[in-house]
>>> print(open('coords02.cif').read())   # mmCIF, N, CA and C atoms
data_input
#
loop_
_atom_site.label_atom_id
_atom_site.label_comp_id
_atom_site.auth_asym_id
_atom_site.auth_seq_id
_atom_site.Cartn_x
_atom_site.Cartn_y
_atom_site.Cartn_z
N MET A 1 -15.72 84.26 212.16
CA MET A 1 -16.93 83.78 211.53
C MET A 1 -17.90 84.94 211.28
N LEU A 2 -18.03 85.79 212.29
CA LEU A 2 -18.93 86.94 212.12
C LEU A 2 -18.42 87.89 211.04
N ALA A 3 -17.12 88.09 211.01
CA ALA A 3 -16.55 88.97 209.98
C ALA A 3 -16.76 88.39 208.59
N ALA A 4 -16.57 87.08 208.45
CA ALA A 4 -16.77 86.44 207.15
C ALA A 4 -18.24 86.53 206.71
N ALA A 5 -19.16 86.30 207.63
CA ALA A 5 -20.58 86.40 207.30
C ALA A 5 -20.96 87.82 206.93
N THR A 6 -20.38 88.80 207.62
CA THR A 6 -20.65 90.20 207.30
C THR A 6 -20.12 90.55 205.92
N LEU A 7 -18.93 90.10 205.60
CA LEU A 7 -18.35 90.38 204.29
C LEU A 7 -19.13 89.70 203.16
N ILE A 8 -19.57 88.49 203.40
CA ILE A 8 -20.38 87.79 202.39
C ILE A 8 -21.71 88.52 202.19
N GLY A 9 -22.35 88.92 203.29
CA GLY A 9 -23.60 89.68 203.19
C GLY A 9 -23.42 90.99 202.47
N LEU A 10 -22.30 91.64 202.70
CA LEU A 10 -22.00 92.89 202.03
C LEU A 10 -21.74 92.66 200.55
N ALA A 11 -21.02 91.60 200.24
CA ALA A 11 -20.64 91.33 198.84
C ALA A 11 -21.84 91.01 197.96
N ILE A 12 -22.85 90.32 198.50
CA ILE A 12 -23.97 89.93 197.63
C ILE A 12 -24.82 91.12 197.20
N ASN A 13 -24.58 92.28 197.77
CA ASN A 13 -25.33 93.47 197.37
C ASN A 13 -24.72 94.17 196.16
N PHE A 14 -23.51 93.83 195.80
CA PHE A 14 -22.86 94.47 194.66
C PHE A 14 -23.32 93.83 193.35
N PRO A 15 -23.63 94.64 192.33
CA PRO A 15 -24.14 94.09 191.07
C PRO A 15 -23.21 93.10 190.39
N PHE A 16 -21.90 93.33 190.44
CA PHE A 16 -20.99 92.41 189.76
C PHE A 16 -20.92 91.05 190.46
N VAL A 17 -21.25 90.99 191.74
CA VAL A 17 -21.30 89.71 192.44
C VAL A 17 -22.63 89.03 192.18
N GLN A 18 -23.71 89.79 192.07
CA GLN A 18 -25.03 89.22 191.85
C GLN A 18 -25.12 88.51 190.50
N LYS A 19 -24.27 88.88 189.55
CA LYS A 19 -24.26 88.17 188.26
C LYS A 19 -23.87 86.71 188.45
N PHE A 20 -23.04 86.43 189.44
CA PHE A 20 -22.56 85.07 189.65
C PHE A 20 -23.34 84.32 190.73
N VAL A 21 -23.82 85.04 191.73
CA VAL A 21 -24.44 84.40 192.89
C VAL A 21 -25.95 84.23 192.72
N HIS A 22 -26.62 85.20 192.15
CA HIS A 22 -28.07 85.20 191.94
C HIS A 22 -28.85 85.09 193.26
N VAL A 23 -28.38 85.80 194.28
CA VAL A 23 -29.06 85.81 195.57
C VAL A 23 -29.28 87.27 195.97
N THR A 24 -30.53 87.61 196.23
CA THR A 24 -30.81 88.96 196.69
C THR A 24 -30.63 89.02 198.21
N ALA A 25 -30.53 90.22 198.72
CA ALA A 25 -30.35 90.38 200.16
C ALA A 25 -31.55 89.85 200.94
N ILE A 26 -32.74 90.07 200.43
CA ILE A 26 -33.95 89.58 201.12
C ILE A 26 -33.99 88.06 201.13
N ARG A 27 -33.62 87.44 200.03
CA ARG A 27 -33.59 85.98 199.98
C ARG A 27 -32.55 85.42 200.96
N ALA A 28 -31.41 86.08 201.04
CA ALA A 28 -30.37 85.65 201.98
C ALA A 28 -30.86 85.79 203.42
N LEU A 29 -31.57 86.87 203.72
CA LEU A 29 -32.13 87.05 205.07
C LEU A 29 -33.17 85.98 205.38
N PHE A 30 -33.99 85.66 204.40
CA PHE A 30 -35.01 84.63 204.59
C PHE A 30 -34.36 83.29 204.91
N TRP A 31 -33.38 82.88 204.10
CA TRP A 31 -32.75 81.59 204.31
C TRP A 31 -31.93 81.54 205.58
N SER A 32 -31.33 82.65 205.97
CA SER A 32 -30.60 82.66 207.23
C SER A 32 -31.56 82.49 208.41
N ALA A 33 -32.75 83.06 208.31
CA ALA A 33 -33.76 82.88 209.37
C ALA A 33 -34.25 81.44 209.42
N VAL A 34 -34.44 80.82 208.26
CA VAL A 34 -34.88 79.42 208.22
C VAL A 34 -33.82 78.52 208.85
N ILE A 35 -32.57 78.71 208.46
CA ILE A 35 -31.47 77.90 209.00
C ILE A 35 -31.34 78.13 210.50
N ASN A 36 -31.46 79.37 210.94
CA ASN A 36 -31.37 79.69 212.36
C ASN A 36 -32.47 78.98 213.15
N GLY A 37 -33.68 78.95 212.63
CA GLY A 37 -34.79 78.30 213.32
C GLY A 37 -34.61 76.79 213.43
N VAL A 38 -34.03 76.18 212.42
CA VAL A 38 -33.82 74.73 212.45
C VAL A 38 -32.65 74.37 213.35
N VAL A 39 -31.57 75.13 213.27
CA VAL A 39 -30.38 74.85 214.08
C VAL A 39 -30.61 75.17 215.55
N ALA A 40 -31.55 76.04 215.85
CA ALA A 40 -31.81 76.43 217.24
C ALA A 40 -32.27 75.25 218.09
N VAL A 41 -32.96 74.29 217.51
CA VAL A 41 -33.52 73.18 218.29
C VAL A 41 -32.42 72.34 218.95
N PRO A 42 -31.46 71.80 218.20
CA PRO A 42 -30.42 71.02 218.89
C PRO A 42 -29.54 71.87 219.80
N VAL A 43 -29.31 73.12 219.44
CA VAL A 43 -28.51 74.00 220.29
C VAL A 43 -29.22 74.21 221.63
N MET A 44 -30.52 74.47 221.59
CA MET A 44 -31.27 74.65 222.84
C MET A 44 -31.29 73.38 223.67
N ALA A 45 -31.39 72.22 223.02
CA ALA A 45 -31.38 70.95 223.76
C ALA A 45 -30.04 70.75 224.46
N VAL A 46 -28.95 71.02 223.79
CA VAL A 46 -27.63 70.87 224.41
C VAL A 46 -27.47 71.86 225.56
N ILE A 47 -27.93 73.08 225.38
CA ILE A 47 -27.85 74.07 226.45
C ILE A 47 -28.65 73.61 227.67
N MET A 48 -29.82 73.05 227.46
CA MET A 48 -30.63 72.58 228.58
C MET A 48 -29.95 71.41 229.29
N LEU A 49 -29.32 70.53 228.56
CA LEU A 49 -28.61 69.41 229.19
C LEU A 49 -27.41 69.92 229.98
N MET A 50 -26.71 70.87 229.45
CA MET A 50 -25.54 71.42 230.14
C MET A 50 -25.94 72.23 231.37
N ALA A 51 -27.10 72.88 231.33
CA ALA A 51 -27.52 73.74 232.43
C ALA A 51 -27.76 72.96 233.72
N ARG A 52 -28.10 71.69 233.63
CA ARG A 52 -28.34 70.86 234.82
C ARG A 52 -27.11 70.07 235.25
N ASN A 53 -26.00 70.18 234.50
CA ASN A 53 -24.81 69.41 234.77
C ASN A 53 -23.89 70.19 235.72
N GLN A 54 -23.70 69.67 236.91
CA GLN A 54 -22.87 70.33 237.92
C GLN A 54 -21.42 70.45 237.45
N ARG A 55 -20.92 69.43 236.76
CA ARG A 55 -19.53 69.45 236.30
C ARG A 55 -19.28 70.54 235.27
N VAL A 56 -20.28 70.83 234.45
CA VAL A 56 -20.14 71.86 233.42
C VAL A 56 -20.39 73.24 233.99
N MET A 57 -21.43 73.40 234.77
CA MET A 57 -21.87 74.72 235.23
C MET A 57 -21.28 75.15 236.57
N GLY A 58 -20.76 74.20 237.34
CA GLY A 58 -20.20 74.56 238.64
C GLY A 58 -21.28 75.10 239.56
N LYS A 59 -21.01 76.24 240.19
CA LYS A 59 -21.98 76.80 241.13
C LYS A 59 -23.17 77.47 240.43
N PHE A 60 -23.13 77.57 239.12
CA PHE A 60 -24.21 78.21 238.38
C PHE A 60 -25.19 77.20 237.77
N VAL A 61 -25.19 75.99 238.29
CA VAL A 61 -26.08 74.95 237.79
C VAL A 61 -27.54 75.38 237.94
N LEU A 62 -28.36 74.96 237.01
CA LEU A 62 -29.79 75.29 237.03
C LEU A 62 -30.50 74.39 238.03
N VAL A 63 -30.95 74.97 239.14
CA VAL A 63 -31.59 74.15 240.19
C VAL A 63 -33.09 74.38 240.27
N ARG A 64 -33.57 75.47 239.81
CA ARG A 64 -35.02 75.74 239.90
C ARG A 64 -35.76 74.92 238.85
N ARG A 65 -36.69 74.14 239.32
CA ARG A 65 -37.43 73.24 238.42
C ARG A 65 -38.25 73.99 237.38
N TRP A 66 -38.83 75.13 237.77
CA TRP A 66 -39.67 75.85 236.82
C TRP A 66 -38.84 76.42 235.68
N LEU A 67 -37.59 76.81 235.95
CA LEU A 67 -36.72 77.28 234.87
C LEU A 67 -36.34 76.13 233.94
N HIS A 68 -36.09 74.98 234.54
CA HIS A 68 -35.78 73.79 233.73
C HIS A 68 -36.98 73.43 232.85
N PHE A 69 -38.15 73.44 233.44
CA PHE A 69 -39.38 73.15 232.70
C PHE A 69 -39.60 74.14 231.56
N MET A 70 -39.43 75.43 231.85
CA MET A 70 -39.65 76.45 230.82
C MET A 70 -38.62 76.36 229.70
N GLY A 71 -37.40 76.01 230.04
CA GLY A 71 -36.37 75.84 229.01
C GLY A 71 -36.69 74.70 228.07
N TRP A 72 -37.10 73.56 228.63
CA TRP A 72 -37.48 72.43 227.78
C TRP A 72 -38.77 72.73 227.01
N ARG A 73 -39.65 73.48 227.64
CA ARG A 73 -40.89 73.86 226.94
C ARG A 73 -40.56 74.71 225.72
N ALA A 74 -39.67 75.68 225.86
CA ALA A 74 -39.26 76.51 224.73
C ALA A 74 -38.58 75.68 223.64
N THR A 75 -37.80 74.69 224.06
CA THR A 75 -37.14 73.81 223.09
C THR A 75 -38.17 73.01 222.30
N VAL A 76 -39.18 72.49 222.97
CA VAL A 76 -40.23 71.73 222.29
C VAL A 76 -41.03 72.63 221.35
N VAL A 77 -41.30 73.86 221.77
CA VAL A 77 -42.02 74.80 220.90
C VAL A 77 -41.22 75.07 219.64
N MET A 78 -39.91 75.24 219.78
CA MET A 78 -39.06 75.45 218.60
C MET A 78 -39.06 74.22 217.70
N LEU A 79 -39.04 73.04 218.29
CA LEU A 79 -39.08 71.80 217.51
C LEU A 79 -40.39 71.69 216.74
N VAL A 80 -41.50 71.97 217.40
CA VAL A 80 -42.81 71.92 216.74
C VAL A 80 -42.87 72.95 215.60
N ALA A 81 -42.34 74.13 215.83
CA ALA A 81 -42.33 75.16 214.79
C ALA A 81 -41.48 74.73 213.60
N ALA A 82 -40.33 74.13 213.85
CA ALA A 82 -39.45 73.69 212.75
C ALA A 82 -40.10 72.56 211.97
N VAL A 83 -40.69 71.60 212.67
CA VAL A 83 -41.36 70.48 211.98
C VAL A 83 -42.57 71.02 211.21
N GLY A 84 -43.33 71.91 211.82
CA GLY A 84 -44.48 72.49 211.13
C GLY A 84 -44.08 73.25 209.88
N MET A 85 -42.95 73.92 209.93
CA MET A 85 -42.48 74.64 208.75
C MET A 85 -42.22 73.67 207.60
N PHE A 86 -41.57 72.55 207.90
CA PHE A 86 -41.28 71.58 206.83
C PHE A 86 -42.55 70.89 206.33
N VAL A 87 -43.49 70.63 207.23
CA VAL A 87 -44.75 69.99 206.84
C VAL A 87 -45.56 70.92 205.93
N MET A 88 -45.61 72.19 206.26
CA MET A 88 -46.43 73.15 205.53
C MET A 88 -45.69 73.85 204.40
N TRP A 89 -44.47 73.46 204.10
CA TRP A 89 -43.60 74.19 203.18
C TRP A 89 -44.25 74.46 201.82
N LYS A 90 -44.80 73.49 201.17
CA LYS A 90 -45.35 73.67 199.81
C LYS A 90 -46.86 73.69 199.75
N LYS A 91 -47.52 73.84 200.89
CA LYS A 91 -48.99 73.84 200.87
C LYS A 91 -49.51 75.22 200.67
#
>>> encode(input="coords02.cif", output="structure tokens")
Amino acid sequence: MLAAATLIGLAINFPFVQKFVHVTAIRALFWSAVINGVVAVPVMAVIMLMARNQRVMGKFVLVRRWLHFMGWRATVVMLVAAVGMFVMWKK
């Protein structure tokens, strides 16, 4: 997956590919950051659920409450940022 993404990113910089794709490198970086920010919310939520699961984590289960709190807090901050981005998109 990483190799494919690297090759696609490399290919969009060539002029003969840009005739067909019409995507600049900066635009591709912008959209990859937007997608990353939106996808991060459910990924962080799943990670937080797995971190407290003894069956999944074994002896490395998350037991400290403040770490659990901070993880969920970061997840909520990412959710608020993603929702805010969509709310403010065309303003």
>>> closest_residue(input="coords02.cif", among="A:Met70, A:Val23, A:Thr75, A:Phe60", to="Met44 (chain A)", atoms="all atoms listed in the file")
A:Thr75
>>> residues_around(input="coords02.cif", residues="Leu79 (chain A)", least_positions_apart="6", cutoff="8 Å", atoms="only N, CA and C atoms", output="PyMOL selection string")
chain A and resi 37-38+40-42+73+85
>>> residues_around(input="coords02.cif", residues="region 5-12 of chain A", least_positions_apart="6", cutoff="7 Å", atoms="only N, CA and C atoms", output="short mmCIF file (atom, residue, chain, number, x, y, z; two decimals) with N, CA and C atoms, in the frame of the given file")
data_model
loop_
_atom_site.label_atom_id
_atom_site.label_comp_id
_atom_site.auth_asym_id
_atom_site.auth_seq_id
_atom_site.Cartn_x
_atom_site.Cartn_y
_atom_site.Cartn_z
N GLN A 18 -23.71 89.79 192.07
CA GLN A 18 -25.03 89.22 191.85
C GLN A 18 -25.12 88.51 190.50
N VAL A 23 -28.38 85.80 194.28
CA VAL A 23 -29.06 85.81 195.57
C VAL A 23 -29.28 87.27 195.97
N THR A 24 -30.53 87.61 196.23
CA THR A 24 -30.81 88.96 196.69
C THR A 24 -30.63 89.02 198.21
N ALA A 25 -30.53 90.22 198.72
CA ALA A 25 -30.35 90.38 200.16
C ALA A 25 -31.55 89.85 200.94
#
>>> select_by_dssp(input="coords02.cif", residues="chain A", states="helix (DSSP H, G or I)", output="ChimeraX atom specification")
/A:2-11,15-21,25-51,54-60,65-87
>>> atom_distance(input="coords02.cif", atom1="CA of Val34 (chain A)", atom2="CA of Val87 (chain A)")
13.7 Å
>>> residues_around(input="coords02.cif", residues="Met48 (chain A)", least_positions_apart="6", cutoff="8 Å", atoms="only N, CA and C atoms", output="JSON, numbers by chain")
{"A": [42, 68, 71, 72]}
>>> atom_distance(input="coords02.cif", atom1="CA of Trp89 (chain A)", atom2="CA of Val39 (chain A)")
17.1 Å
>>> atom_distance(input="coords02.cif", atom1="atom N of Val61 (chain A)", atom2="atom N of Ala45 (chain A)")
16.9 Å
>>> closest_residue(input="coords02.cif", among="A:Val46, A:Ala82, A:Val76, A:Ala3", to="Ala33 (chain A)", atoms="only C-alpha atoms")
A:Ala82
>>> decode(input="coords02.cif", residues="region 29-61 of chain A", atoms="N, CA, C and O atoms", output="compact mmCIF listing (two decimals), in the first residue's frame")
# COMPACT_ATOMS: atom_id res chain seq x y z
N LEU A 29 -1.52 16.74 -1.52
CA LEU A 29 -1.14 16.80 -0.11
C LEU A 29 -2.27 17.34 0.76
O LEU A 29 -2.52 16.84 1.86
N PHE A 30 -2.95 18.35 0.26
CA PHE A 30 -4.08 18.92 0.99
C PHE A 30 -5.16 17.88 1.22
O PHE A 30 -5.63 17.68 2.34
N TRP A 31 -5.57 17.19 0.14
CA TRP A 31 -6.65 16.22 0.26
C TRP A 31 -6.24 15.01 1.08
O TRP A 31 -7.06 14.43 1.79
N SER A 32 -4.98 14.62 1.03
CA SER A 32 -4.55 13.50 1.87
C SER A 32 -4.60 13.90 3.34
O SER A 32 -4.94 13.07 4.19
N ALA A 33 -4.29 15.15 3.66
CA ALA A 33 -4.39 15.62 5.04
C ALA A 33 -5.85 15.67 5.51
O ALA A 33 -6.16 15.30 6.65
N VAL A 34 -6.75 16.10 4.63
CA VAL A 34 -8.18 16.14 4.98
C VAL A 34 -8.69 14.73 5.24
O VAL A 34 -9.36 14.47 6.25
N ILE A 35 -8.38 13.81 4.35
CA ILE A 35 -8.82 12.42 4.51
C ILE A 35 -8.23 11.81 5.78
O ILE A 35 -8.92 11.13 6.54
N ASN A 36 -6.97 12.08 6.04
CA ASN A 36 -6.31 11.57 7.24
C ASN A 36 -6.99 12.08 8.50
O ASN A 36 -7.20 11.33 9.45
N GLY A 37 -7.36 13.35 8.53
CA GLY A 37 -8.02 13.92 9.69
C GLY A 37 -9.40 13.33 9.95
O GLY A 37 -9.80 13.13 11.10
N VAL A 38 -10.13 13.02 8.89
CA VAL A 38 -11.46 12.45 9.04
C VAL A 38 -11.38 10.98 9.43
O VAL A 38 -12.11 10.51 10.31
N VAL A 39 -10.48 10.24 8.81
CA VAL A 39 -10.35 8.81 9.09
C VAL A 39 -9.73 8.56 10.47
O VAL A 39 -9.97 7.51 11.08
N ALA A 40 -9.00 9.52 10.99
CA ALA A 40 -8.35 9.34 12.29
C ALA A 40 -9.35 9.15 13.42
O ALA A 40 -9.05 8.43 14.38
N VAL A 41 -10.53 9.73 13.31
CA VAL A 41 -11.51 9.66 14.41
C VAL A 41 -11.96 8.22 14.68
O VAL A 41 -11.83 7.73 15.81
N PRO A 42 -12.48 7.49 13.69
CA PRO A 42 -12.87 6.11 14.01
C PRO A 42 -11.69 5.20 14.34
O PRO A 42 -11.82 4.29 15.17
N VAL A 43 -10.54 5.46 13.74
CA VAL A 43 -9.35 4.65 14.05
C VAL A 43 -8.96 4.86 15.51
O VAL A 43 -8.67 3.89 16.24
N MET A 44 -8.96 6.10 15.97
CA MET A 44 -8.62 6.38 17.37
C MET A 44 -9.65 5.76 18.32
O MET A 44 -9.28 5.25 19.40
N ALA A 45 -10.92 5.78 17.95
CA ALA A 45 -11.96 5.18 18.79
C ALA A 45 -11.75 3.67 18.91
O ALA A 45 -11.84 3.12 20.02
N VAL A 46 -11.45 3.02 17.82
CA VAL A 46 -11.21 1.57 17.86
C VAL A 46 -9.97 1.26 18.69
O VAL A 46 -9.95 0.30 19.48
N ILE A 47 -8.93 2.05 18.54
CA ILE A 47 -7.71 1.85 19.32
C ILE A 47 -8.00 2.00 20.81
O ILE A 47 -7.52 1.21 21.64
N MET A 48 -8.80 2.98 21.18
CA MET A 48 -9.13 3.18 22.59
C MET A 48 -9.96 2.01 23.13
O MET A 48 -9.76 1.59 24.27
N LEU A 49 -10.86 1.49 22.34
CA LEU A 49 -11.65 0.33 22.78
C LEU A 49 -10.76 -0.90 22.93
O LEU A 49 -10.91 -1.68 23.88
N MET A 50 -9.85 -1.09 22.03
CA MET A 50 -8.95 -2.24 22.09
C MET A 50 -7.96 -2.12 23.24
O MET A 50 -7.56 -3.14 23.83
N ALA A 51 -7.55 -0.90 23.59
CA ALA A 51 -6.55 -0.70 24.63
C ALA A 51 -7.03 -1.16 26.00
O ALA A 51 -6.23 -1.52 26.84
N ARG A 52 -8.33 -1.15 26.24
CA ARG A 52 -8.88 -1.58 27.53
C ARG A 52 -9.31 -3.05 27.53
O ARG A 52 -9.77 -3.56 28.54
N ASN A 53 -9.19 -3.73 26.39
CA ASN A 53 -9.65 -5.10 26.26
C ASN A 53 -8.52 -6.06 26.63
O ASN A 53 -7.51 -6.16 25.92
N GLN A 54 -8.70 -6.80 27.69
CA GLN A 54 -7.68 -7.74 28.17
C GLN A 54 -7.42 -8.84 27.14
O GLN A 54 -6.28 -9.27 26.96
N ARG A 55 -8.45 -9.30 26.47
CA ARG A 55 -8.30 -10.37 25.48
C ARG A 55 -7.46 -9.93 24.29
O ARG A 55 -6.70 -10.72 23.73
N VAL A 56 -7.55 -8.67 23.92
CA VAL A 56 -6.79 -8.15 22.78
C VAL A 56 -5.38 -7.79 23.20
O VAL A 56 -4.41 -8.14 22.52
N MET A 57 -5.23 -7.09 24.30
CA MET A 57 -3.94 -6.53 24.70
C MET A 57 -3.11 -7.43 25.60
O MET A 57 -1.91 -7.20 25.76
N GLY A 58 -3.74 -8.41 26.22
CA GLY A 58 -2.99 -9.30 27.12
C GLY A 58 -2.45 -8.53 28.31
O GLY A 58 -3.17 -7.78 28.97
N LYS A 59 -1.16 -8.70 28.60
CA LYS A 59 -0.58 -8.03 29.76
C LYS A 59 -0.32 -6.54 29.52
O LYS A 59 0.04 -5.81 30.43
N PHE A 60 -0.52 -6.08 28.30
CA PHE A 60 -0.29 -4.67 27.98
C PHE A 60 -1.57 -3.84 27.98
O PHE A 60 -1.62 -2.76 27.40
N VAL A 61 -2.60 -4.33 28.62
CA VAL A 61 -3.87 -3.62 28.69
C VAL A 61 -3.69 -2.26 29.36
O VAL A 61 -2.87 -2.11 30.27
